[in-house]
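Okay, so here's the structure we're looking at.
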Amino acid sequence: MSKIIDGKQIAKNIRMELKEEITDLKEEGRAPGLTVVMVGNNPASETYVSMKEKAALEIGMNSSLIKKEEDISEKELLDLIDDLNNDPDVDGILVQLPLPDHIEEKKVIESIVPDKDVDGFHPINTGRLFSGQEDALRYEACTPLGIIRLLEREGIEIDGKNATIVGRSNIVGKPVAHLLLERHATVTICHSHTKDLKAETKRADIVVAAVGRPEMITGDMIKEGAVVIDVGINRVDGKLLGDVEFDTAKEAASKITPVPGGVGPMTIAMLMENTVKSRKYHGV
Ligand code: L34
């Protein structure tokens with residue numbers, strides 16, 4: 001088995017499995033429906049939303065992309081979401097972030113009905129994750145869930161392992177900590193006030209780097225044989241760099257994700273998984 005975790009291939013396998021499931025759902029009467037809303041024309045967002053659209057259509061989902069001008073008012077955006085909340089053909093609603101400064105992201109996220117929040121950002125969904133409610137309908141954020149799927153598919157054990165997460169964002173750091181905790185890892189979350197970062201990463205069996213600083217996690221910070229998951233996507237001089245210095249970290253690691261081709265494609269596959277889950281919940 002290769003040391004490099006092929007997120008692109010794993011994501012593809014998952015999408016193909018979902019495609020078969022969607023064939024059955026169509027026979028039952030209705031394909032899953034995903035609506036992605038994008039405001040403005042941030043080039044990175046353009047790339048990500050078109051990748052989401054393509055992935056959805058390829059596996060037989062109904063997908064629509066709604067693009068709005070940068071100057072759309074908050075009220076107009078909230079009204080649009082309200083329409084989607086009430087549209088029985090829409091199982092999943094995703095509003096691509098970031099939003100322009102005049103729109104309050106929190107307000108927009110909270111306006112999506114939790115049972116269509118396939119991003120898993122609504123406080124109902126994060127609350128159910130953080131309080132360990134496993135039986136309620138609960139969507140988990142796509143990037144954190146994608147990390148768990150990567151570990152599962154690579155046969156990496158989580159139970160009893162030391163997992164150190166670098167970064168405490170609401171979108172990655174905090175939710176991935178809870179998903180790992182739920183699977184019985186001993187979890188440490190590091191951030192800008194952490195006294196000795198190297199000491200924390202060095203004793204980890206699993207390191208998740210999600211800070212958004214190019215190549216800040218170097219090989220000397222990794223324990224021999226550890227698993228390294230790089231969530232960073234930093235554009236530097238037209239190149240994509242992770243938060244991990246790949247070449248040095250690879251020497252120490254037993255397994256490592258590349259950037260690109262690691263966690264990124266899994267984020268999109270998990271959006272598909274969550275939308276299929278929503279379709280099953282909502283029925284025909
Ligand atoms: N609402 N906003 C909402 N949901 C999300 O889940 C996202 N995110 C983040 C930005 N805003 C969002 C994404 O979709 C980041 N993100 C995302 C998704 C996919 C990829 C990267 C970020 C991805 O597939 N990256 C490729 C490289 C693509 C390229 O060339 O730029 C990779 O292989 O890592």
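The way I read the labels, and the way they are meant: chains A, B, ... in the order of the structure tokens, residue 1 as the first residue of every chain, and ligand 1 as the first ligand shown, with later ones counted on from there.
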
Compile a residue-level contact table for chain A against ligand 1 at a cut-off of 6 Å, reporting for every qualifying residue the shortest atom pair and its distance in Å to one decimal, with only C-alpha atoms and all ligand atoms counted, rows ordered by chain and ascending number, as CSV.
residue,atom,partner,partner_atom_place_in_ligand_line,distance
A:Tyr48,CA,ligand 1,18 (C),5.3
A:Leu94,CA,ligand 1,1 (N),5.5
A:Val95,CA,ligand 1,1 (N),4.8
A:Gln96,CA,ligand 1,1 (N),3.8
A:Leu97,CA,ligand 1,2 (N),3.8
A:Asp119,CA,ligand 1,4 (N),5.7
A:Cys142,CA,ligand 1,6 (O),5.8
A:Val259,CA,ligand 1,34 (O),5.4
A:Pro260,CA,ligand 1,33 (O),3.4
A:Gly261,CA,ligand 1,33 (O),3.6
A:Gly262,CA,ligand 1,34 (O),5.8
A:Val263,CA,ligand 1,34 (O),5.9
A:Gly264,CA,ligand 1,23 (C),3.5
A:Pro265,CA,ligand 1,24 (O),4.1
A:Thr267,CA,ligand 1,18 (C),5.5
A:Ile268,CA,ligand 1,19 (C),5.8

Selected residues, all heavy atoms, written as a short mmCIF file (atom, residue, chain, number, x, y, z; two decimals), in the first residue's frame, please.
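The resulting file, part08.cif, is shown below:
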data_model
loop_
_atom_site.label_atom_id
_atom_site.label_comp_id
_atom_site.auth_asym_id
_atom_site.auth_seq_id
_atom_site.Cartn_x
_atom_site.Cartn_y
_atom_site.Cartn_z
N TYR A 48 -14.85 25.80 -7.00
CA TYR A 48 -15.46 24.80 -6.12
C TYR A 48 -16.91 24.53 -6.49
O TYR A 48 -17.33 23.38 -6.53
CB TYR A 48 -15.36 25.23 -4.65
CG TYR A 48 -13.95 25.49 -4.17
CD1 TYR A 48 -13.68 26.45 -3.19
CD2 TYR A 48 -12.87 24.78 -4.70
CE1 TYR A 48 -12.38 26.69 -2.76
CE2 TYR A 48 -11.57 25.03 -4.27
CZ TYR A 48 -11.33 25.99 -3.30
OH TYR A 48 -10.05 26.23 -2.88
N LEU A 94 -26.93 24.62 -0.31
CA LEU A 94 -25.58 25.03 0.09
C LEU A 94 -25.33 26.45 -0.38
O LEU A 94 -25.48 26.74 -1.56
CB LEU A 94 -24.55 24.08 -0.53
CG LEU A 94 -23.08 24.35 -0.20
CD1 LEU A 94 -22.31 23.04 -0.16
CD2 LEU A 94 -22.42 25.29 -1.18
N VAL A 95 -24.99 27.31 0.54
CA VAL A 95 -24.59 28.68 0.18
C VAL A 95 -23.08 28.75 0.30
O VAL A 95 -22.52 28.62 1.40
CB VAL A 95 -25.26 29.73 1.10
CG1 VAL A 95 -24.84 31.13 0.69
CG2 VAL A 95 -26.78 29.59 1.05
N GLN A 96 -22.41 28.89 -0.83
CA GLN A 96 -20.95 28.87 -0.83
C GLN A 96 -20.40 30.06 -0.04
O GLN A 96 -20.83 31.19 -0.22
CB GLN A 96 -20.45 28.90 -2.29
CG GLN A 96 -18.96 28.69 -2.44
CD GLN A 96 -18.50 27.26 -2.15
OE1 GLN A 96 -19.29 26.32 -2.13
NE2 GLN A 96 -17.22 27.08 -1.91
N LEU A 97 -19.45 29.80 0.82
CA LEU A 97 -18.78 30.83 1.60
C LEU A 97 -17.41 31.11 0.99
O LEU A 97 -16.84 30.22 0.35
CB LEU A 97 -18.64 30.36 3.06
CG LEU A 97 -19.94 30.00 3.77
CD1 LEU A 97 -19.65 29.49 5.17
CD2 LEU A 97 -20.89 31.18 3.81
N ASP A 119 -24.41 21.09 4.29
CA ASP A 119 -23.09 21.55 4.72
C ASP A 119 -22.82 21.21 6.18
O ASP A 119 -21.67 21.20 6.62
CB ASP A 119 -23.03 23.08 4.60
CG ASP A 119 -22.16 23.57 3.46
OD1 ASP A 119 -21.25 22.83 3.05
OD2 ASP A 119 -22.39 24.70 3.00
N CYS A 142 -18.80 18.71 5.63
CA CYS A 142 -18.25 17.84 4.57
C CYS A 142 -16.74 17.60 4.70
O CYS A 142 -16.27 16.48 4.47
CB CYS A 142 -18.57 18.44 3.21
SG CYS A 142 -20.34 18.56 2.93
N VAL A 259 -1.72 17.68 -1.33
CA VAL A 259 -2.54 18.83 -1.75
C VAL A 259 -2.01 19.27 -3.10
O VAL A 259 -0.82 19.58 -3.22
CB VAL A 259 -2.42 19.99 -0.74
CG1 VAL A 259 -3.20 21.22 -1.24
CG2 VAL A 259 -2.91 19.59 0.64
N PRO A 260 -2.81 19.29 -4.15
CA PRO A 260 -4.19 18.85 -4.20
C PRO A 260 -4.31 17.32 -4.22
O PRO A 260 -3.30 16.63 -4.20
CB PRO A 260 -4.67 19.46 -5.51
CG PRO A 260 -3.45 19.57 -6.38
CD PRO A 260 -2.32 19.84 -5.43
N GLY A 261 -5.54 16.83 -4.28
CA GLY A 261 -5.78 15.40 -4.44
C GLY A 261 -5.90 14.63 -3.14
O GLY A 261 -5.83 13.40 -3.13
N GLY A 262 -6.05 15.33 -2.02
CA GLY A 262 -6.21 14.66 -0.73
C GLY A 262 -7.61 14.89 -0.18
O GLY A 262 -8.58 14.26 -0.61
N VAL A 263 -7.69 15.83 0.76
CA VAL A 263 -8.96 16.10 1.44
C VAL A 263 -9.97 16.82 0.54
O VAL A 263 -11.17 16.56 0.63
CB VAL A 263 -8.70 16.92 2.74
CG1 VAL A 263 -9.99 17.35 3.40
CG2 VAL A 263 -7.84 16.10 3.71
N GLY A 264 -9.49 17.71 -0.34
CA GLY A 264 -10.38 18.53 -1.19
C GLY A 264 -11.46 17.74 -1.91
O GLY A 264 -12.65 18.00 -1.75
N PRO A 265 -11.07 16.72 -2.69
CA PRO A 265 -12.08 15.93 -3.41
C PRO A 265 -13.05 15.21 -2.47
O PRO A 265 -14.21 14.97 -2.83
CB PRO A 265 -11.25 14.91 -4.20
CG PRO A 265 -9.87 15.48 -4.27
CD PRO A 265 -9.70 16.34 -3.06
N THR A 267 -14.24 16.44 0.30
CA THR A 267 -15.25 17.43 0.72
C THR A 267 -16.45 17.37 -0.23
O THR A 267 -17.61 17.35 0.20
CB THR A 267 -14.63 18.85 0.70
OG1 THR A 267 -13.58 18.89 1.65
CG2 THR A 267 -15.66 19.93 1.03
N ILE A 268 -16.14 17.28 -1.50
CA ILE A 268 -17.20 17.26 -2.51
C ILE A 268 -17.96 15.93 -2.48
O ILE A 268 -19.19 15.90 -2.55
CB ILE A 268 -16.62 17.60 -3.89
CG1 ILE A 268 -16.13 19.06 -3.82
CG2 ILE A 268 -17.65 17.40 -5.00
CD1 ILE A 268 -15.51 19.61 -5.06
#

Considering only C-alpha atoms, give me a table of residues in stretch 23-51 of chain A that are at most 9 Å from stretch 70-86 of chain A, with the closest atom pair and distance in Å for each, as a Markdown table.
| residue | atom | partner | partner_atom | distance |
| --- | --- | --- | --- | --- |
| A:Thr35 | CA | A:Leu84 | CA | 8.1 |
| A:Val37 | CA | A:Ile81 | CA | 8.9 |
| A:Val39 | CA | A:Glu70 | CA | 5.6 |
| A:Gly40 | CA | A:Glu70 | CA | 3.9 |
| A:Asn41 | CA | A:Glu70 | CA | 7.3 |

Pull the closest atom pair for each residue of stretch 153-218 of chain A that gets at most 12 Å from stretch 238-256 of chain A, along with the distance in Å to one decimal, counting only C-alpha atoms, ordering rows by chain and then ascending residue number, as JSON lines.
{"residue": "A:Glu154", "atom": "CA", "partner": "A:Lys255", "partner_atom": "CA", "distance": 9.2}
{"residue": "A:Gly155", "atom": "CA", "partner": "A:Lys255", "partner_atom": "CA", "distance": 11.1}
{"residue": "A:Ile156", "atom": "CA", "partner": "A:Lys255", "partner_atom": "CA", "distance": 9.3}
{"residue": "A:Ile165", "atom": "CA", "partner": "A:Asp243", "partner_atom": "CA", "distance": 11.9}
{"residue": "A:Val166", "atom": "CA", "partner": "A:Asp243", "partner_atom": "CA", "distance": 9.6}
{"residue": "A:Gly167", "atom": "CA", "partner": "A:Asp243", "partner_atom": "CA", "distance": 10.5}
{"residue": "A:Thr201", "atom": "CA", "partner": "A:Ala249", "partner_atom": "CA", "distance": 11.7}
{"residue": "A:Lys202", "atom": "CA", "partner": "A:Ala252", "partner_atom": "CA", "distance": 10.6}
{"residue": "A:Ala204", "atom": "CA", "partner": "A:Ala253", "partner_atom": "CA", "distance": 11.0}
{"residue": "A:Asp205", "atom": "CA", "partner": "A:Ala253", "partner_atom": "CA", "distance": 9.4}
{"residue": "A:Ile206", "atom": "CA", "partner": "A:Ala253", "partner_atom": "CA", "distance": 9.5}
{"residue": "A:Val207", "atom": "CA", "partner": "A:Ile256", "partner_atom": "CA", "distance": 9.5}
{"residue": "A:Val208", "atom": "CA", "partner": "A:Val244", "partner_atom": "CA", "distance": 9.5}
{"residue": "A:Ala209", "atom": "CA", "partner": "A:Asp243", "partner_atom": "CA", "distance": 6.1}
{"residue": "A:Ala210", "atom": "CA", "partner": "A:Asp243", "partner_atom": "CA", "distance": 6.8}
{"residue": "A:Val211", "atom": "CA", "partner": "A:Asp243", "partner_atom": "CA", "distance": 6.8}
{"residue": "A:Gly212", "atom": "CA", "partner": "A:Asp243", "partner_atom": "CA", "distance": 6.1}
{"residue": "A:Arg213", "atom": "CA", "partner": "A:Asp243", "partner_atom": "CA", "distance": 5.4}
{"residue": "A:Pro214", "atom": "CA", "partner": "A:Asp243", "partner_atom": "CA", "distance": 4.6}
{"residue": "A:Glu215", "atom": "CA", "partner": "A:Val244", "partner_atom": "CA", "distance": 4.2}
{"residue": "A:Met216", "atom": "CA", "partner": "A:Asp243", "partner_atom": "CA", "distance": 5.6}
{"residue": "A:Ile217", "atom": "CA", "partner": "A:Val244", "partner_atom": "CA", "distance": 4.6}
{"residue": "A:Thr218", "atom": "CA", "partner": "A:Glu245", "partner_atom": "CA", "distance": 5.1}

Taking N, CA and C atoms for each residue, export the selection above as a short mmCIF file (atom, residue, chain, number, x, y, z; two decimals), in the first residue's frame.
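selection-v2.cif, freshly written:
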data_model
loop_
_atom_site.label_atom_id
_atom_site.label_comp_id
_atom_site.auth_asym_id
_atom_site.auth_seq_id
_atom_site.Cartn_x
_atom_site.Cartn_y
_atom_site.Cartn_z
N GLU A 154 -8.81 3.80 4.46
CA GLU A 154 -7.40 3.40 4.50
C GLU A 154 -7.14 2.40 5.63
N GLY A 155 -8.18 2.05 6.37
CA GLY A 155 -8.04 1.09 7.46
C GLY A 155 -7.22 1.62 8.64
N ILE A 156 -7.25 2.92 8.84
CA ILE A 156 -6.48 3.52 9.94
C ILE A 156 -7.33 3.53 11.21
N ILE A 165 -5.12 18.14 16.41
CA ILE A 165 -5.65 18.98 15.34
C ILE A 165 -5.03 20.36 15.49
N VAL A 166 -4.51 20.86 14.40
CA VAL A 166 -3.94 22.20 14.44
C VAL A 166 -4.93 23.12 13.73
N GLY A 167 -5.57 24.00 14.48
CA GLY A 167 -6.63 24.88 13.95
C GLY A 167 -7.95 24.62 14.65
N THR A 201 2.17 18.09 18.43
CA THR A 201 2.06 17.30 17.18
C THR A 201 2.95 16.05 17.27
N LYS A 202 4.07 16.18 17.95
CA LYS A 202 5.07 15.12 17.98
C LYS A 202 4.57 13.85 18.70
N ALA A 204 1.44 12.86 18.51
CA ALA A 204 0.19 12.45 17.87
C ALA A 204 0.38 11.26 16.93
N ASP A 205 -0.60 10.33 16.98
CA ASP A 205 -0.65 9.24 16.01
C ASP A 205 -1.32 9.73 14.72
N ILE A 206 -2.22 10.71 14.90
CA ILE A 206 -2.91 11.30 13.75
C ILE A 206 -2.80 12.83 13.89
N VAL A 207 -2.27 13.48 12.87
CA VAL A 207 -2.18 14.94 12.88
C VAL A 207 -3.10 15.48 11.80
N VAL A 208 -3.99 16.40 12.17
CA VAL A 208 -4.84 17.07 11.19
C VAL A 208 -4.43 18.53 11.14
N ALA A 209 -3.93 18.97 9.99
CA ALA A 209 -3.47 20.35 9.86
C ALA A 209 -4.52 21.18 9.14
N ALA A 210 -5.11 22.13 9.86
CA ALA A 210 -6.19 22.95 9.30
C ALA A 210 -6.10 24.37 9.83
N VAL A 211 -5.01 25.03 9.45
CA VAL A 211 -4.79 26.41 9.91
C VAL A 211 -4.84 27.44 8.79
N GLY A 212 -4.50 27.02 7.58
CA GLY A 212 -4.44 27.97 6.49
C GLY A 212 -3.14 28.75 6.44
N ARG A 213 -2.06 28.11 6.87
CA ARG A 213 -0.73 28.73 6.72
C ARG A 213 0.18 27.77 5.99
N PRO A 214 0.65 28.19 4.79
CA PRO A 214 1.38 27.27 3.92
C PRO A 214 2.58 26.61 4.60
N GLU A 215 2.60 25.29 4.55
CA GLU A 215 3.76 24.46 4.95
C GLU A 215 4.26 24.71 6.37
N MET A 216 3.35 25.08 7.29
CA MET A 216 3.81 25.37 8.65
C MET A 216 4.11 24.11 9.48
N ILE A 217 3.53 22.98 9.10
CA ILE A 217 3.82 21.73 9.81
C ILE A 217 4.94 21.02 9.07
N THR A 218 6.08 20.92 9.71
CA THR A 218 7.26 20.36 9.04
C THR A 218 7.57 18.96 9.58
#

Using only C-alpha atoms, which residues sit within 9 Å of A:Lys52 once same-chain residues fewer than 3 positions away are excluded, as a PDB file with N, CA, C and O atoms, in the first residue's frame?
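Below you can see out20.pdb, which holds the result:
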ATOM      1  N   VAL A  36     -27.022  24.800  -5.164  1.00  0.00           N
ATOM      2  CA  VAL A  36     -25.869  25.555  -4.664  1.00  0.00           C
ATOM      3  C   VAL A  36     -26.091  27.030  -5.004  1.00  0.00           C
ATOM      4  O   VAL A  36     -26.423  27.362  -6.136  1.00  0.00           O
ATOM      5  N   THR A  47     -14.495  27.913  -8.879  1.00  0.00           N
ATOM      6  CA  THR A  47     -13.924  26.577  -9.107  1.00  0.00           C
ATOM      7  C   THR A  47     -14.677  25.538  -8.285  1.00  0.00           C
ATOM      8  O   THR A  47     -15.113  24.517  -8.819  1.00  0.00           O
ATOM      9  N   TYR A  48     -14.848  25.802  -7.001  1.00  0.00           N
ATOM     10  CA  TYR A  48     -15.457  24.805  -6.122  1.00  0.00           C
ATOM     11  C   TYR A  48     -16.913  24.532  -6.489  1.00  0.00           C
ATOM     12  O   TYR A  48     -17.332  23.383  -6.534  1.00  0.00           O
ATOM     13  N   VAL A  49     -17.681  25.591  -6.772  1.00  0.00           N
ATOM     14  CA  VAL A  49     -19.095  25.344  -7.077  1.00  0.00           C
ATOM     15  C   VAL A  49     -19.260  24.616  -8.414  1.00  0.00           C
ATOM     16  O   VAL A  49     -20.152  23.764  -8.536  1.00  0.00           O
ATOM     17  N   ALA A  55     -19.975  17.112 -10.161  1.00  0.00           N
ATOM     18  CA  ALA A  55     -20.047  15.857  -9.398  1.00  0.00           C
ATOM     19  C   ALA A  55     -21.494  15.416  -9.218  1.00  0.00           C
ATOM     20  O   ALA A  55     -21.816  14.230  -9.384  1.00  0.00           O
ATOM     21  N   ALA A  56     -22.365  16.354  -8.936  1.00  0.00           N
ATOM     22  CA  ALA A  56     -23.777  16.018  -8.705  1.00  0.00           C
ATOM     23  C   ALA A  56     -24.416  15.473  -9.976  1.00  0.00           C
ATOM     24  O   ALA A  56     -25.089  14.433  -9.948  1.00  0.00           O
ATOM     25  N   LEU A  57     -24.188  16.154 -11.097  1.00  0.00           N
ATOM     26  CA  LEU A  57     -24.801  15.725 -12.356  1.00  0.00           C
ATOM     27  C   LEU A  57     -24.269  14.365 -12.787  1.00  0.00           C
ATOM     28  O   LEU A  57     -25.024  13.514 -13.257  1.00  0.00           O
ATOM     29  N   SER A  63     -29.225  18.908 -10.013  1.00  0.00           N
ATOM     30  CA  SER A  63     -28.395  19.928  -9.399  1.00  0.00           C
ATOM     31  C   SER A  63     -28.684  21.257 -10.044  1.00  0.00           C
ATOM     32  O   SER A  63     -28.797  21.345 -11.267  1.00  0.00           O
ATOM     33  N   ILE A 268     -16.139  17.281  -1.504  1.00  0.00           N
ATOM     34  CA  ILE A 268     -17.204  17.263  -2.506  1.00  0.00           C
ATOM     35  C   ILE A 268     -17.962  15.932  -2.480  1.00  0.00           C
ATOM     36  O   ILE A 268     -19.187  15.898  -2.549  1.00  0.00           O
ATOM     37  N   ALA A 269     -17.246  14.831  -2.319  1.00  0.00           N
ATOM     38  CA  ALA A 269     -17.915  13.519  -2.232  1.00  0.00           C
ATOM     39  C   ALA A 269     -18.869  13.475  -1.032  1.00  0.00           C
ATOM     40  O   ALA A 269     -19.960  12.899  -1.098  1.00  0.00           O
ATOM     41  N   LEU A 271     -20.428  16.005   0.296  1.00  0.00           N
ATOM     42  CA  LEU A 271     -21.609  16.815  -0.025  1.00  0.00           C
ATOM     43  C   LEU A 271     -22.628  15.946  -0.758  1.00  0.00           C
ATOM     44  O   LEU A 271     -23.835  16.018  -0.504  1.00  0.00           O
ATOM     45  N   MET A 272     -22.131  15.087  -1.629  1.00  0.00           N
ATOM     46  CA  MET A 272     -23.004  14.170  -2.362  1.00  0.00           C
ATOM     47  C   MET A 272     -23.643  13.175  -1.382  1.00  0.00           C
ATOM     48  O   MET A 272     -24.835  12.898  -1.439  1.00  0.00           O
TER      49      MET A 272
END

(Q) If DSSP is run on the backbone, what residues of stretch 39-68 of chain A are strand (DSSP E)? A reply as a VMD selection string would be ideal. (A) chain A and resid 39 62 to 68

Restricting the output to N, CA and C atoms, write the selected residues as a PDB file, in the first residue's frame.
ATOM      1  N   VAL A  39     -22.733  33.780  -4.361  1.00  0.00           N
ATOM      2  CA  VAL A  39     -22.878  35.237  -4.469  1.00  0.00           C
ATOM      3  C   VAL A  39     -21.530  35.839  -4.877  1.00  0.00           C
ATOM      4  N   ASN A  62     -30.248  15.747  -9.361  1.00  0.00           N
ATOM      5  CA  ASN A  62     -30.699  17.013  -9.917  1.00  0.00           C
ATOM      6  C   ASN A  62     -29.919  18.101  -9.215  1.00  0.00           C
ATOM      7  N   SER A  63     -29.225  18.908 -10.013  1.00  0.00           N
ATOM      8  CA  SER A  63     -28.395  19.928  -9.399  1.00  0.00           C
ATOM      9  C   SER A  63     -28.684  21.257 -10.044  1.00  0.00           C
ATOM     10  N   SER A  64     -28.829  22.288  -9.244  1.00  0.00           N
ATOM     11  CA  SER A  64     -28.899  23.609  -9.868  1.00  0.00           C
ATOM     12  C   SER A  64     -28.003  24.584  -9.131  1.00  0.00           C
ATOM     13  N   LEU A  65     -27.441  25.455  -9.929  1.00  0.00           N
ATOM     14  CA  LEU A  65     -26.508  26.444  -9.408  1.00  0.00           C
ATOM     15  C   LEU A  65     -27.156  27.808  -9.601  1.00  0.00           C
ATOM     16  N   ILE A  66     -27.367  28.523  -8.501  1.00  0.00           N
ATOM     17  CA  ILE A  66     -27.959  29.860  -8.584  1.00  0.00           C
ATOM     18  C   ILE A  66     -26.869  30.879  -8.290  1.00  0.00           C
ATOM     19  N   LYS A  67     -26.564  31.700  -9.296  1.00  0.00           N
ATOM     20  CA  LYS A  67     -25.530  32.723  -9.106  1.00  0.00           C
ATOM     21  C   LYS A  67     -26.183  34.077  -8.934  1.00  0.00           C
ATOM     22  N   LYS A  68     -25.785  34.788  -7.900  1.00  0.00           N
ATOM     23  CA  LYS A  68     -26.335  36.119  -7.638  1.00  0.00           C
ATOM     24  C   LYS A  68     -25.219  37.156  -7.664  1.00  0.00           C
TER      25      LYS A  68
END

Q: Give the helix (DSSP H, G or I) residues of stretch 120-154 of chain A, as DSSP finds them on the backbone, and put them as a list of chain:residue names.
A: A:Pro123, A:Ile124, A:Asn125, A:Thr126, A:Gly127, A:Arg128, A:Leu129, A:Phe130, A:Cys142, A:Thr143, A:Pro144, A:Leu145, A:Gly146, A:Ile147, A:Ile148, A:Arg149, A:Leu150, A:Leu151, A:Glu152, A:Arg153

Quick one: write out the picked residues with N, CA and C atoms as an mmCIF file, in the first residue's frame?
data_model
loop_
_atom_site.group_PDB
_atom_site.id
_atom_site.type_symbol
_atom_site.label_atom_id
_atom_site.label_comp_id
_atom_site.auth_asym_id
_atom_site.auth_seq_id
_atom_site.Cartn_x
_atom_site.Cartn_y
_atom_site.Cartn_z
ATOM 1 N N PRO A 123 -26.495 25.552 13.511
ATOM 2 C CA PRO A 123 -26.276 25.218 14.926
ATOM 3 C C PRO A 123 -27.028 23.976 15.414
ATOM 4 N N ILE A 124 -28.151 23.652 14.785
ATOM 5 C CA ILE A 124 -28.855 22.411 15.152
ATOM 6 C C ILE A 124 -27.970 21.206 14.823
ATOM 7 N N ASN A 125 -27.343 21.266 13.659
ATOM 8 C CA ASN A 125 -26.497 20.144 13.238
ATOM 9 C C ASN A 125 -25.181 20.095 14.013
ATOM 10 N N THR A 126 -24.561 21.250 14.215
ATOM 11 C CA THR A 126 -23.316 21.243 15.005
ATOM 12 C C THR A 126 -23.643 20.877 16.452
ATOM 13 N N GLY A 127 -24.783 21.352 16.934
ATOM 14 C CA GLY A 127 -25.194 21.034 18.310
ATOM 15 C C GLY A 127 -25.395 19.539 18.513
ATOM 16 N N ARG A 128 -26.021 18.906 17.515
ATOM 17 C CA ARG A 128 -26.228 17.453 17.614
ATOM 18 C C ARG A 128 -24.912 16.691 17.543
ATOM 19 N N LEU A 129 -23.961 17.249 16.814
ATOM 20 C CA LEU A 129 -22.630 16.629 16.780
ATOM 21 C C LEU A 129 -21.925 16.846 18.124
ATOM 22 N N PHE A 130 -21.919 18.098 18.589
ATOM 23 C CA PHE A 130 -21.144 18.412 19.784
ATOM 24 C C PHE A 130 -21.734 17.777 21.035
ATOM 25 N N CYS A 142 -18.805 18.706 5.625
ATOM 26 C CA CYS A 142 -18.248 17.845 4.575
ATOM 27 C C CYS A 142 -16.741 17.600 4.699
ATOM 28 N N THR A 143 -15.973 18.619 5.035
ATOM 29 C CA THR A 143 -14.520 18.407 5.121
ATOM 30 C C THR A 143 -14.173 17.483 6.304
ATOM 31 N N PRO A 144 -14.684 17.750 7.504
ATOM 32 C CA PRO A 144 -14.415 16.831 8.621
ATOM 33 C C PRO A 144 -14.881 15.402 8.345
ATOM 34 N N LEU A 145 -16.078 15.269 7.777
ATOM 35 C CA LEU A 145 -16.584 13.930 7.471
ATOM 36 C C LEU A 145 -15.709 13.247 6.427
ATOM 37 N N GLY A 146 -15.237 14.031 5.474
ATOM 38 C CA GLY A 146 -14.335 13.492 4.446
ATOM 39 C C GLY A 146 -13.047 12.949 5.052
ATOM 40 N N ILE A 147 -12.547 13.613 6.079
ATOM 41 C CA ILE A 147 -11.329 13.149 6.765
ATOM 42 C C ILE A 147 -11.590 11.796 7.431
ATOM 43 N N ILE A 148 -12.737 11.670 8.084
ATOM 44 C CA ILE A 148 -13.083 10.396 8.734
ATOM 45 C C ILE A 148 -13.196 9.276 7.687
ATOM 46 N N ARG A 149 -13.864 9.567 6.573
ATOM 47 C CA ARG A 149 -14.001 8.549 5.508
ATOM 48 C C ARG A 149 -12.627 8.124 4.967
ATOM 49 N N LEU A 150 -11.721 9.080 4.818
ATOM 50 C CA LEU A 150 -10.367 8.739 4.350
ATOM 51 C C LEU A 150 -9.699 7.775 5.313
ATOM 52 N N LEU A 151 -9.790 8.079 6.600
ATOM 53 C CA LEU A 151 -9.167 7.214 7.610
ATOM 54 C C LEU A 151 -9.804 5.821 7.583
ATOM 55 N N GLU A 152 -11.138 5.782 7.488
ATOM 56 C CA GLU A 152 -11.847 4.495 7.444
ATOM 57 C C GLU A 152 -11.417 3.659 6.243
ATOM 58 N N ARG A 153 -11.431 4.289 5.080
ATOM 59 C CA ARG A 153 -11.138 3.548 3.839
ATOM 60 C C ARG A 153 -9.680 3.098 3.761
#

Q: In Å, rounded to a single decimal, give me how far atom CA of A:Asp24 is from atom CA of A:Glu53.
A: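 Atom CA of A:Asp24 lies 20.8 Å from atom CA of A:Glu53.
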
Q: Using only C-alpha atoms, find the one residue out of A:Met61, A:Ala31, A:Ile93, A:Met266 that sits nearest to A:Glu110.
A: A:Ile93

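In this model, the gap between atom CA of A:His191 and atom CA of A:Glu105 comes to 22.9 Å.
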
**Q.** All residues 12 Å or closer to A:Gly29, only C-alpha atoms, same chain fewer than 6 positions away omitted, as a list in words
**A.** Ile22, Thr23, Asp89, Arg279, Lys280, Gly283 and Val284 of chain A

Q: May I ask for the distance between atom CA of A:Asp159 and atom CA of A:Thr275, given in Å to one decimal place?
A: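 Straight-line distance from atom CA of A:Asp159 to atom CA of A:Thr275 works out to 28.0 Å.
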